[in-house]
$ cat final_2.cif   # mmCIF, C-alpha atoms
data_structure
loop_
_atom_site.group_PDB
_atom_site.id
_atom_site.type_symbol
_atom_site.label_atom_id
_atom_site.label_comp_id
_atom_site.auth_asym_id
_atom_site.auth_seq_id
_atom_site.Cartn_x
_atom_site.Cartn_y
_atom_site.Cartn_z
ATOM 1 C CA MET A 19 0.000 0.000 0.000
ATOM 2 C CA ASN A 20 1.304 3.464 -0.836
ATOM 3 C CA ALA A 21 2.285 5.630 2.133
ATOM 4 C CA GLN A 22 0.392 8.535 0.555
ATOM 5 C CA GLN A 23 -3.067 6.892 0.694
ATOM 6 C CA ASN A 24 -5.508 8.063 3.371
ATOM 7 C CA PRO A 25 -3.020 10.477 4.901
ATOM 8 C CA ILE A 26 -3.164 10.861 8.641
ATOM 9 C CA GLY A 27 -2.767 14.486 9.649
ATOM 10 C CA GLU A 28 0.847 15.486 10.159
ATOM 11 C CA ASP A 29 -0.040 16.937 13.551
ATOM 12 C CA VAL A 30 -1.359 13.542 14.696
ATOM 13 C CA LEU A 31 1.724 11.756 13.374
ATOM 14 C CA ASP A 32 4.009 14.336 14.969
ATOM 15 C CA LEU A 33 2.281 13.830 18.316
ATOM 16 C CA HIS A 34 2.766 10.038 18.146
ATOM 17 C CA ILE A 35 6.374 10.468 17.067
ATOM 18 C CA ALA A 36 7.052 12.827 19.980
ATOM 19 C CA ILE A 37 5.407 10.484 22.485
ATOM 20 C CA VAL A 38 7.120 7.340 21.216
ATOM 21 C CA GLY A 39 10.458 9.063 20.583
ATOM 22 C CA SER A 40 10.728 10.293 24.158
ATOM 23 C CA ALA A 41 8.945 7.533 26.085
ATOM 24 C CA SER A 42 10.698 5.617 28.824
ATOM 25 C CA SER A 43 8.532 2.609 27.935
ATOM 26 C CA PHE A 44 7.141 1.681 24.528
ATOM 27 C CA GLU A 45 4.252 -0.095 26.228
ATOM 28 C CA ALA A 46 3.290 3.145 27.971
ATOM 29 C CA ALA A 47 3.821 5.156 24.779
ATOM 30 C CA TRP A 48 1.342 3.064 22.797
ATOM 31 C CA SER A 49 -1.108 2.512 25.675
ATOM 32 C CA GLY A 50 -4.616 3.388 24.551
ATOM 33 C CA PHE A 51 -3.525 4.073 20.970
ATOM 34 C CA THR A 52 -5.955 3.063 18.260
ATOM 35 C CA GLN A 53 -5.341 3.475 14.559
ATOM 36 C CA GLU A 54 -8.156 4.466 12.276
ATOM 37 C CA ASP A 55 -6.364 3.534 9.056
ATOM 38 C CA ALA A 56 -5.209 0.123 7.944
ATOM 39 C CA HIS A 57 -2.176 -1.071 9.893
ATOM 40 C CA GLU A 58 0.119 -0.972 6.855
ATOM 41 C CA THR A 59 -1.015 2.546 5.947
ATOM 42 C CA PHE A 60 -0.363 3.812 9.469
ATOM 43 C CA CYS A 61 3.099 2.205 9.592
ATOM 44 C CA ASP A 62 4.072 3.672 6.218
ATOM 45 C CA GLN A 63 2.889 7.147 7.156
ATOM 46 C CA PHE A 64 4.574 7.039 10.583
ATOM 47 C CA ALA A 65 7.865 5.844 9.050
ATOM 48 C CA ARG A 66 7.761 8.388 6.219
ATOM 49 C CA ARG A 67 7.095 11.236 8.643
ATOM 50 C CA VAL A 68 9.973 10.166 10.929
ATOM 51 C CA ALA A 69 12.314 9.954 7.922
ATOM 52 C CA GLU A 70 11.248 13.321 6.501
ATOM 53 C CA ARG A 71 11.524 15.099 9.842
ATOM 54 C CA TYR A 72 14.939 13.558 10.517
ATOM 55 C CA LEU A 73 16.237 14.525 7.068
ATOM 56 C CA GLY A 74 14.782 18.010 7.561
ATOM 57 C CA GLY A 75 16.677 18.443 10.822
ATOM 58 C CA GLU A 76 13.509 18.516 12.941
ATOM 59 C CA LEU A 77 14.366 15.290 14.798
ATOM 60 C CA SER A 78 17.700 14.227 16.204
ATOM 61 C CA TYR A 79 19.004 10.816 15.216
ATOM 62 C CA GLU A 80 18.345 9.563 18.750
ATOM 63 C CA VAL A 81 14.671 10.602 18.787
ATOM 64 C CA ALA A 82 14.023 9.358 15.238
ATOM 65 C CA ASP A 83 15.739 6.025 15.930
ATOM 66 C CA ARG A 84 13.786 5.615 19.165
ATOM 67 C CA ALA A 85 10.527 6.400 17.342
ATOM 68 C CA MET A 86 11.276 3.712 14.751
ATOM 69 C CA ASN A 87 12.266 1.233 17.479
ATOM 70 C CA GLY A 88 8.944 2.082 19.105
ATOM 71 C CA LEU A 89 7.090 1.372 15.869
ATOM 72 C CA TYR A 90 8.893 -1.975 15.706
ATOM 73 C CA ALA A 91 7.776 -2.760 19.269
ATOM 74 C CA TYR A 92 4.208 -1.769 18.381
ATOM 75 C CA CYS A 93 4.220 -4.008 15.299
ATOM 76 C CA TYR A 94 5.890 -7.085 16.773
ATOM 77 C CA HIS A 95 5.697 -7.113 20.561
ATOM 78 C CA LEU A 96 2.770 -5.085 21.848
ATOM 79 C CA ASP A 97 -0.819 -6.233 21.441
ATOM 80 C CA SER A 98 -0.241 -8.634 18.534
ATOM 81 C CA ASP A 99 2.356 -9.536 15.922
ATOM 82 C CA ARG A 100 1.104 -7.568 12.917
ATOM 83 C CA GLY A 101 4.440 -6.991 11.265
ATOM 84 C CA MET A 102 5.603 -3.994 9.269
ATOM 85 C CA SER A 103 5.088 -3.095 5.646
ATOM 86 C CA GLY A 104 8.091 -3.206 3.344
ATOM 87 C CA TYR A 105 8.462 0.580 3.342
ATOM 88 C CA ALA A 106 8.271 0.944 7.140
ATOM 89 C CA TRP A 107 10.741 -1.929 7.508
ATOM 90 C CA ALA A 108 13.180 -0.223 5.111
ATOM 91 C CA VAL A 109 13.038 3.002 7.165
ATOM 92 C CA PHE A 110 13.480 1.016 10.395
ATOM 93 C CA ASP A 111 16.436 -0.834 8.870
ATOM 94 C CA ALA A 112 18.022 2.449 7.729
ATOM 95 C CA PHE A 113 17.973 3.745 11.304
ATOM 96 C CA GLU A 114 19.392 0.433 12.526
ATOM 97 C CA ALA A 115 22.430 1.079 10.307
ATOM 98 C CA GLY A 116 23.200 4.130 12.426
ATOM 99 C CA GLU A 117 23.233 2.285 15.736
ATOM 100 C CA TYR A 118 26.795 0.993 15.491
ATOM 101 C CA VAL A 119 30.214 1.708 14.014
ATOM 102 C CA HIS A 120 30.619 -0.368 10.867
ATOM 103 C CA GLU A 121 33.667 -2.481 10.109
ATOM 104 C CA GLY A 122 36.373 -0.340 8.556
ATOM 105 C CA ASP A 123 35.011 2.917 9.971
ATOM 106 C CA GLY A 124 37.236 4.830 12.348
ATOM 107 C CA PRO A 125 36.129 6.351 15.647
ATOM 108 C CA GLU A 126 35.495 9.677 13.901
ATOM 109 C CA ALA A 127 32.857 8.117 11.636
ATOM 110 C CA SER A 128 29.274 9.174 12.173
ATOM 111 C CA PRO A 129 27.156 6.121 11.270
ATOM 112 C CA ASP A 130 23.954 8.142 11.068
ATOM 113 C CA GLU A 131 25.484 10.616 8.601
ATOM 114 C CA LYS A 132 27.354 7.980 6.602
ATOM 115 C CA TYR A 133 24.671 5.281 6.403
ATOM 116 C CA VAL A 134 21.253 6.505 7.552
ATOM 117 C CA VAL A 135 21.008 9.750 5.592
ATOM 118 C CA PRO A 136 21.802 8.221 2.151
ATOM 119 C CA LEU A 137 19.414 5.309 2.745
ATOM 120 C CA LEU A 138 16.587 7.616 3.805
ATOM 121 C CA ARG A 139 17.146 9.958 0.873
ATOM 122 C CA LYS A 140 16.604 7.021 -1.476
ATOM 123 C CA LEU A 141 13.417 6.049 0.378
ATOM 124 C CA CYS A 142 11.948 9.554 0.506
ATOM 125 C CA VAL A 143 12.137 10.447 -3.185
#

$ encode --input "final_2.cif" --output "structure tokens"
Amino acid sequence: MNAQQNPIGEDVLDLHIAIVGSASSFEAAWSGFTQEDAHETFCDQFARRVAERYLGGELSYEVADRAMNGLYAYCYHLDSDRGMSGYAWAVFDAFEAGEYVHEGDGPEASPDEKYVVPLLRKLCV
């Protein structure tokens, strides 16, 4: 399903991103949450908004990565195992690439700049 179908308002997405991105517990962050759109549509829109806001400098890597880890928890561990769409998974995986120093990279390397940004730019065209 295309991430542009049945768009959820950006203000609603931004609120969920802020809550999940700063929560001490993903269970608490998603408590009481209900999605009105199809699961895949919601995941795509959430992931796209996180990616766009990160690339636009509105979210730090840490908050964006935490938001995507929270979406993963929502999709696979909380409530039921619904999985993620291919697009949401690709955004999640891009942020995962920034969580560690890659083989051959020196201590000065910034994994989020070197790996996450190029991957997200390809996904957000």

$ closest_residue --input "final_2.cif" --among "A:Ser40, A:Thr52, A:Gly124, A:Asp62" --to "Glu80 (chain A)" --atoms "all atoms listed in the file"
A:Ser40

$ atom_distance --input "final_2.cif" --atom1 "CA of Tyr79 (chain A)" --atom2 "CA of Glu54 (chain A)"
28.0 Å

$ atom_distance --input "final_2.cif" --atom1 "CA of Ile35 (chain A)" --atom2 "CA of Tyr133 (chain A)"
21.8 Å

$ resolve_selection --input "final_2.cif" --expression "the PyMOL selection byres ((chain A and resi 61) around 9)" --output "NGL selection string"
:A and (21 or 56-60 or 62-66 or 89 or 93 or 102-103 or 105-107)

$ closest_residue --input "final_2.cif" --among "A:Leu31, A:Pro136, A:Ala47, A:His95" --to "Arg71 (chain A)" --atoms "all atoms listed in the file"
A:Leu31

$ residues_near_point --input "final_2.cif" --point "(23.6, 4.4, 15.1)" --cutoff "9 Å" --atoms "only C-alpha atoms" --output "PyMOL selection string"
chain A and resi 79-80+83+113-119+128-130+133-134

$ atom_distance --input "final_2.cif" --atom1 "CA of Leu96 (chain A)" --atom2 "CA of Val135 (chain A)"
28.6 Å

$ closest_residue --input "final_2.cif" --among "A:His120, A:Phe110, A:Leu138, A:Val68" --to "Ala91 (chain A)" --atoms "only C-alpha atoms"
A:Phe110

$ resolve_selection --input "final_2.cif" --expression "the PyMOL selection byres ((chain A and resi 81) around 12)" --output "PyMOL selection string"
chain A and resi 32+34-42+68-69+71-72+75-80+82-88+113

$ axis_aligned_box --input "final_2.cif" --around "region 112-123 of chain A" --padding-each-side "5 Å" --output "JSON"
{"center_x": 27.2, "center_y": 0.8, "center_z": 11.7, "size_x": 28.4, "size_y": 16.6, "size_z": 18.0}

$ closest_residue --input "final_2.cif" --among "A:Tyr94, A:Pro125, A:Arg100, A:Lys140" --to "Ala112 (chain A)" --atoms "all atoms listed in the file"
A:Lys140

$ closest_residue --input "final_2.cif" --among "A:Glu131, A:Val109, A:Gly27, A:Arg139" --to "Asp55 (chain A)" --atoms "all atoms listed in the file"
A:Gly27

$ closest_residue --input "final_2.cif" --among "A:Gly50, A:Phe44, A:Glu70, A:Leu137" --to "Glu28 (chain A)" --atoms "only C-alpha atoms"
A:Glu70

$ decode --input "final_2.cif" --residues "region 64-94 of chain A" --atoms "N, CA and C atoms" --output "PDB file, in the first residue's frame"
ATOM      1  N   PHE A  64       3.743   6.767   9.405  1.00  0.00           N
ATOM      2  CA  PHE A  64       4.574   7.039  10.583  1.00  0.00           C
ATOM      3  C   PHE A  64       6.046   7.028  10.172  1.00  0.00           C
ATOM      4  N   ALA A  65       6.465   5.982   9.462  1.00  0.00           N
ATOM      5  CA  ALA A  65       7.865   5.844   9.050  1.00  0.00           C
ATOM      6  C   ALA A  65       8.282   6.977   8.116  1.00  0.00           C
ATOM      7  N   ARG A  66       7.440   7.302   7.149  1.00  0.00           N
ATOM      8  CA  ARG A  66       7.761   8.388   6.219  1.00  0.00           C
ATOM      9  C   ARG A  66       7.908   9.711   6.963  1.00  0.00           C
ATOM     10  N   ARG A  67       7.029   9.966   7.904  1.00  0.00           N
ATOM     11  CA  ARG A  67       7.095  11.236   8.643  1.00  0.00           C
ATOM     12  C   ARG A  67       8.362  11.300   9.498  1.00  0.00           C
ATOM     13  N   VAL A  68       8.728  10.197  10.152  1.00  0.00           N
ATOM     14  CA  VAL A  68       9.973  10.166  10.929  1.00  0.00           C
ATOM     15  C   VAL A  68      11.151  10.453  10.001  1.00  0.00           C
ATOM     16  N   ALA A  69      11.205   9.775   8.867  1.00  0.00           N
ATOM     17  CA  ALA A  69      12.314   9.954   7.922  1.00  0.00           C
ATOM     18  C   ALA A  69      12.388  11.395   7.424  1.00  0.00           C
ATOM     19  N   GLU A  70      11.263  11.951   7.019  1.00  0.00           N
ATOM     20  CA  GLU A  70      11.248  13.321   6.501  1.00  0.00           C
ATOM     21  C   GLU A  70      11.665  14.328   7.563  1.00  0.00           C
ATOM     22  N   ARG A  71      11.173  14.158   8.769  1.00  0.00           N
ATOM     23  CA  ARG A  71      11.524  15.099   9.842  1.00  0.00           C
ATOM     24  C   ARG A  71      12.986  14.961  10.241  1.00  0.00           C
ATOM     25  N   TYR A  72      13.519  13.747  10.223  1.00  0.00           N
ATOM     26  CA  TYR A  72      14.939  13.558  10.517  1.00  0.00           C
ATOM     27  C   TYR A  72      15.789  14.214   9.426  1.00  0.00           C
ATOM     28  N   LEU A  73      15.479  13.936   8.173  1.00  0.00           N
ATOM     29  CA  LEU A  73      16.237  14.525   7.068  1.00  0.00           C
ATOM     30  C   LEU A  73      16.123  16.044   7.051  1.00  0.00           C
ATOM     31  N   GLY A  74      14.993  16.566   7.509  1.00  0.00           N
ATOM     32  CA  GLY A  74      14.782  18.010   7.561  1.00  0.00           C
ATOM     33  C   GLY A  74      15.401  18.675   8.776  1.00  0.00           C
ATOM     34  N   GLY A  75      16.031  17.889   9.635  1.00  0.00           N
ATOM     35  CA  GLY A  75      16.677  18.443  10.822  1.00  0.00           C
ATOM     36  C   GLY A  75      15.734  18.730  11.974  1.00  0.00           C
ATOM     37  N   GLU A  76      14.489  18.278  11.877  1.00  0.00           N
ATOM     38  CA  GLU A  76      13.509  18.516  12.941  1.00  0.00           C
ATOM     39  C   GLU A  76      13.618  17.506  14.070  1.00  0.00           C
ATOM     40  N   LEU A  77      14.177  16.331  13.787  1.00  0.00           N
ATOM     41  CA  LEU A  77      14.366  15.290  14.798  1.00  0.00           C
ATOM     42  C   LEU A  77      15.837  14.927  14.856  1.00  0.00           C
ATOM     43  N   SER A  78      16.341  14.736  16.058  1.00  0.00           N
ATOM     44  CA  SER A  78      17.700  14.227  16.204  1.00  0.00           C
ATOM     45  C   SER A  78      17.710  12.759  15.794  1.00  0.00           C
ATOM     46  N   TYR A  79      18.901  12.237  15.533  1.00  0.00           N
ATOM     47  CA  TYR A  79      19.004  10.816  15.216  1.00  0.00           C
ATOM     48  C   TYR A  79      18.435   9.987  16.358  1.00  0.00           C
ATOM     49  N   GLU A  80      18.762  10.349  17.590  1.00  0.00           N
ATOM     50  CA  GLU A  80      18.345   9.563  18.750  1.00  0.00           C
ATOM     51  C   GLU A  80      16.825   9.477  18.860  1.00  0.00           C
ATOM     52  N   VAL A  81      16.137  10.597  18.683  1.00  0.00           N
ATOM     53  CA  VAL A  81      14.671  10.602  18.787  1.00  0.00           C
ATOM     54  C   VAL A  81      14.053   9.838  17.614  1.00  0.00           C
ATOM     55  N   ALA A  82      14.563  10.053  16.413  1.00  0.00           N
ATOM     56  CA  ALA A  82      14.023   9.358  15.238  1.00  0.00           C
ATOM     57  C   ALA A  82      14.245   7.850  15.344  1.00  0.00           C
ATOM     58  N   ASP A  83      15.438   7.449  15.769  1.00  0.00           N
ATOM     59  CA  ASP A  83      15.739   6.025  15.930  1.00  0.00           C
ATOM     60  C   ASP A  83      14.843   5.411  16.999  1.00  0.00           C
ATOM     61  N   ARG A  84      14.655   6.122  18.091  1.00  0.00           N
ATOM     62  CA  ARG A  84      13.786   5.615  19.165  1.00  0.00           C
ATOM     63  C   ARG A  84      12.342   5.496  18.673  1.00  0.00           C
ATOM     64  N   ALA A  85      11.890   6.463  17.887  1.00  0.00           N
ATOM     65  CA  ALA A  85      10.527   6.400  17.342  1.00  0.00           C
ATOM     66  C   ALA A  85      10.366   5.169  16.450  1.00  0.00           C
ATOM     67  N   MET A  86      11.361   4.889  15.624  1.00  0.00           N
ATOM     68  CA  MET A  86      11.276   3.712  14.751  1.00  0.00           C
ATOM     69  C   MET A  86      11.400   2.416  15.554  1.00  0.00           C
ATOM     70  N   ASN A  87      12.217   2.405  16.598  1.00  0.00           N
ATOM     71  CA  ASN A  87      12.266   1.233  17.479  1.00  0.00           C
ATOM     72  C   ASN A  87      10.919   1.043  18.171  1.00  0.00           C
ATOM     73  N   GLY A  88      10.271   2.153  18.500  1.00  0.00           N
ATOM     74  CA  GLY A  88       8.944   2.082  19.105  1.00  0.00           C
ATOM     75  C   GLY A  88       7.906   1.537  18.139  1.00  0.00           C
ATOM     76  N   LEU A  89       8.007   1.925  16.869  1.00  0.00           N
ATOM     77  CA  LEU A  89       7.090   1.372  15.869  1.00  0.00           C
ATOM     78  C   LEU A  89       7.314  -0.129  15.732  1.00  0.00           C
ATOM     79  N   TYR A  90       8.572  -0.545  15.754  1.00  0.00           N
ATOM     80  CA  TYR A  90       8.893  -1.975  15.706  1.00  0.00           C
ATOM     81  C   TYR A  90       8.240  -2.698  16.884  1.00  0.00           C
ATOM     82  N   ALA A  91       8.378  -2.140  18.081  1.00  0.00           N
ATOM     83  CA  ALA A  91       7.776  -2.760  19.269  1.00  0.00           C
ATOM     84  C   ALA A  91       6.262  -2.849  19.110  1.00  0.00           C
ATOM     85  N   TYR A  92       5.653  -1.791  18.594  1.00  0.00           N
ATOM     86  CA  TYR A  92       4.208  -1.769  18.381  1.00  0.00           C
ATOM     87  C   TYR A  92       3.789  -2.863  17.400  1.00  0.00           C
ATOM     88  N   CYS A  93       4.577  -3.050  16.350  1.00  0.00           N
ATOM     89  CA  CYS A  93       4.220  -4.008  15.299  1.00  0.00           C
ATOM     90  C   CYS A  93       4.486  -5.457  15.670  1.00  0.00           C
ATOM     91  N   TYR A  94       5.471  -5.705  16.517  1.00  0.00           N
ATOM     92  CA  TYR A  94       5.890  -7.085  16.773  1.00  0.00           C
ATOM     93  C   TYR A  94       5.739  -7.565  18.212  1.00  0.00           C
TER      94      TYR A  94
END
